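One structure is given here, and the rest of the page talks about it.
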Amino acid sequence: MNRRRFMTLTGSTLAVLGGGQALAQDRKRIVVQSDEFRPIPIAITNFVPGSPADGDVSNGVTQVITNNLSRSGLFAPIDQAAFIERISNIDVAPNFQNWKTLNAQALVTGRMTRQQDGRLKAEFRLWDVVTGQQLAGQQYFTSPEYWRRIAHIISDQIYTQMTGEKGYFDSRVVFVDESGPKERRVKRLAMMDQDGANVRYLTRGSDLVLTPRFSPNSQEITYMEFGQGDPKVYLFNIETGQREIVGNFPGMTFAPRFSPDGQRVIMSLQQGGNSNLFVMDLRSRSTTRLTDTPAIDTSPSYSPDGTRICFESDRGGRSQIYVMAAGGGQAQRISFSKDDNNATYSTPVWSPRGDYIAFTRQGGGQFSIGVMKPDGSGERLLTSGFHNEGPTFSPNGRVLMFFRDPGGNSGPSLFSVDISGRNELKVPTPGFASDPAWSPLLSATAGQ
């Protein structure tokens with residue numbers, strides 16, 4: 001279902017359910033220090049079913065919201081077994097003393113009701129337990145099969161009100177699903193919700209697929225496929241299932257990625273023993289060469305404003321990260337390891353916030369996922385292991401997802417980690433999985 005149709009089913013805009021002053025304006029962005037930060041205690045009550053038949057979906061929405069907030073690492077949902085008060089009517093203000101006793105800083109209440117026309121009505125309220133004020137209160141209408149999507153949207157509303165940042169739960173991840181023995185691994189393009197639910201396979205696995213990336217409106221994916229002959233870069237429309245070749249180039253093309261406006265695709269094109277960066281205008285199909293060096297330039301990624309790109313190049317002898325203007329020109333190296341002169345850097349990707357560039361660093365027998373500022377300062381390694389690779393940012397720039405391959409007869413899995421280096425978690429997938437790419441926030445682009 002496309003976003004326009006989904007938001008039509010959710011009713012008009014998000015209707016506010018009550019007075020209550022939104023206090024998020026007074027809240028500061030959460031600063032996570034690994035030794036000092038403590039997740040925010042929050043009580044999430046079971047959503048009240050409008051009728052006995054709505055019990056399962058009410059419990060499901062409650063569980064998804066709880067899991068989202070818990071996995072973010074910023075919240076600590078309180079065990080419902082400790083609750084003193086049971087909420088049976090969300091239109092009546094709770095007894096805040098009961099929740100202060102549990103040290104809850106916030107309280108979530110909600111209700112799920114099936115309407116006469118078959119749609120579900122979802123309502124929720126977010127309360128500040130300390131002040132007794134309502135921070136948010138909204139309602140949504142949708143078809144019953146999209147209840148998980150509503151749960152993600154509510155999770156984002158809670159996240160935003162409590163942190164002052166945009167959420168990331170109403171988003172998708174495209175990745176390469178891997179199955180079969182290692183010597184005959186079948187790789188299919190797959191897509192899922194950010195929490196691992198609703199897995200959908202986009203290709204059959206007859207040809208090798210690599211480096212899938214979302215367009216800014218989340219309706220298209222660009223990826224590379226090894227079929228007969230040289231690999232080609234494709235565009236795949238998620239809603240229609242149609243695909244088309246970006247262009248027929250002599251030689252091999254690698255690492256395609258959309259520009260922030262979705263009008264161009266930047267990629268690496270191999271010519272002889274070297275590869276350079278090219279950008280194609282998707283409307284005119286005209287191609288512009290951005291680099292011209294006797295080196296391997298690859299893995300380009302745009303800054304959020306589209307004015308610069310970061311990329312990987314071995315023009316200095318080893319693979320490092322460079323930044324240059326989006327139209328080409330002089331490139332500046334930004335990766336300089338202070339503790340390992342032989343370290344190499346690869347797979348750079350710019351944060352949606354614009355504040356960091358994530359990367360894979362190899363050195364000392366370890367593959368590390370890290371971040372640095374666009375000028376190369378402030379480098380921090382977030383996680384290290386035998387083989388970590390391919391970071392991708394959540395839509396709000398708060399979390400990184402990557403894949404880890406332990407080697408041997410096993411296969412790769414997806415993991416996520418906060419940009420502070422905290423809260424590393426395995427992401428559930430049906431089987432082996434690699435090369436993840438996070439979509440933009442779906443509800444934020446619903447009108448596109």
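Note on naming: chains are A, B, ... as they come in the structure tokens, residues start from 1 per chain, ligands start from 1 in the order shown.
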Distance query Leu202 in chain A at most 8 Å, only C-alpha atoms, self and fewer than 5 positions along chain excluded, as number ranges by chain: A: 188-191, 241
Emit the selected residues as a compact mmCIF listing (two decimals), in the first residue's frame, including N, CA and C atoms.
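Now in selection.txt:
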```
# COMPACT_ATOMS: atom_id res chain seq x y z
N ARG A 188 18.55 -12.58 -2.35
CA ARG A 188 17.34 -11.93 -2.84
C ARG A 188 17.20 -10.54 -2.21
N LEU A 189 16.65 -9.63 -2.97
CA LEU A 189 16.33 -8.32 -2.44
C LEU A 189 15.07 -8.44 -1.58
N ALA A 190 15.13 -7.94 -0.34
CA ALA A 190 14.00 -8.05 0.58
C ALA A 190 13.78 -6.72 1.27
N MET A 191 12.58 -6.53 1.77
CA MET A 191 12.22 -5.31 2.47
C MET A 191 11.39 -5.68 3.69
N GLY A 241 6.18 -3.02 -8.56
CA GLY A 241 7.04 -4.16 -8.84
C GLY A 241 7.78 -4.06 -10.15
```
Residue set, range 54-260 of chain A restricted to helix (DSSP H, G or I), as a PyMOL selection string: chain A and resi 54-72+80-82+96-100+144-163+182-184
Counting only C-alpha atoms, which residues in range 231-280 of chain A sit no more than 12 Å from range 313-321 of chain A? For each one, give the nearest pair of atoms and the distance in Å, sorted by chain then residue number, as a tab-separated table.
```
residue	atom	partner	partner_atom	distance
A:Ser268	CA	A:Ser313	CA	10.8
A:Asn274	CA	A:Asp314	CA	9.9
A:Ser275	CA	A:Ser313	CA	9.4
A:Asn276	CA	A:Ser313	CA	9.2
A:Leu277	CA	A:Ser313	CA	10.2
```
Between CA of Ser443 in chain A and CA of Lys121 in chain A - distance in Å to one decimal: 17.4 Å
Among listed residues A:Arg404, A:Lys232, A:Arg398, A:Arg243, nearest Ile369 in chain A (using only C-alpha atoms): A:Arg404
Selection: 6 Å around Glu123 in chain A, only C-alpha atoms, excl. self and same-chain fewer than 4 positions, as a short mmCIF file (atom, residue, chain, number, x, y, z; two decimals) with C-alpha atoms, in the first residue's frame:
```
data_model
loop_
_atom_site.label_atom_id
_atom_site.label_comp_id
_atom_site.auth_asym_id
_atom_site.auth_seq_id
_atom_site.Cartn_x
_atom_site.Cartn_y
_atom_site.Cartn_z
CA GLY A 110 -4.86 4.21 24.34
CA ARG A 111 -7.90 2.57 22.80
CA GLN A 138 -4.31 11.94 18.73
CA GLN A 139 -6.57 9.60 16.81
#
```
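Residues surrounding Leu208 in chain A within 10 Å are Val176, Arg185, Val186, Lys187, Arg188, Leu189, Met224, Glu225, Phe226, Gly227 and Pro231 of chain A [only C-alpha atoms; sequence separation below 6 positions excluded].
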Backbone-only DSSP, strand (DSSP E) members of range 52-243 of chain A, as number ranges by chain: A: 75-77, 106-114, 120-128, 133-142, 172-179, 186-193, 200-201, 208-214, 220-226, 232-237, 243
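For the pair CA of Arg283 in chain A and CA of Val265 in chain A, the interatomic distance is 10.7 Å.
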8 Å contact set for Asp195 in chain A, only C-alpha atoms, chain neighbours under 3 positions out, as an MDAnalysis selection string: chainID A and resid 68 169 192 427:428
Only C-alpha atoms, please: the residues just picked out, written as a PDB file, in the first residue's frame.
```pdb
ATOM      1  CA  ASN A  68       9.901   0.107  19.752  1.00  0.00           C
ATOM      2  CA  PHE A 169       9.859   3.683  13.845  1.00  0.00           C
ATOM      3  CA  MET A 192      10.805  -5.186   6.006  1.00  0.00           C
ATOM      4  CA  VAL A 427      17.796  -7.050  14.133  1.00  0.00           C
ATOM      5  CA  PRO A 428      15.455 -10.002  13.493  1.00  0.00           C
TER       6      PRO A 428
END
```
Closest of A:Pro391, A:Gly421, A:Gly273, A:Gly354 to Thr307 in chain A - atom-to-atom distances counting only C-alpha atoms: A:Gly354
Among listed residues A:Leu210, A:Glu220, A:Ala122, A:Thr298, nearest Ala433 in chain A (using only C-alpha atoms): A:Leu210
Nearest-residue call for Leu282 in chain A, choices A:Leu235, A:Ile78, A:Met252, A:Ile44, using only C-alpha atoms: A:Leu235
Can you write out as a Markdown table which residues of range 119-187 of chain A fall within 9 Å of range 83-107 of chain A, alongside each residue's closest atom pair and its distance in Å to one decimal, counting only C-alpha atoms and ordering rows by chain and ascending residue number?
```
| residue | atom | partner | partner_atom | distance |
| --- | --- | --- | --- | --- |
| A:Glu123 | CA | A:Ile90 | CA | 8.8 |
| A:Phe124 | CA | A:Ile90 | CA | 7.9 |
| A:Arg125 | CA | A:Ile90 | CA | 7.6 |
| A:Leu126 | CA | A:Leu107 | CA | 5.8 |
| A:Trp127 | CA | A:Leu107 | CA | 5.0 |
| A:Asp128 | CA | A:Ala106 | CA | 4.8 |
| A:Val129 | CA | A:Ala106 | CA | 5.2 |
| A:Val130 | CA | A:Gln105 | CA | 6.3 |
| A:Thr131 | CA | A:Phe96 | CA | 8.8 |
| A:Gly132 | CA | A:Phe96 | CA | 6.5 |
| A:Met162 | CA | A:Ala106 | CA | 8.4 |
```
Interatomic distance, CA of Tyr201 in chain A to CA of Ser72 in chain A (Å, one decimal): 26.1 Å
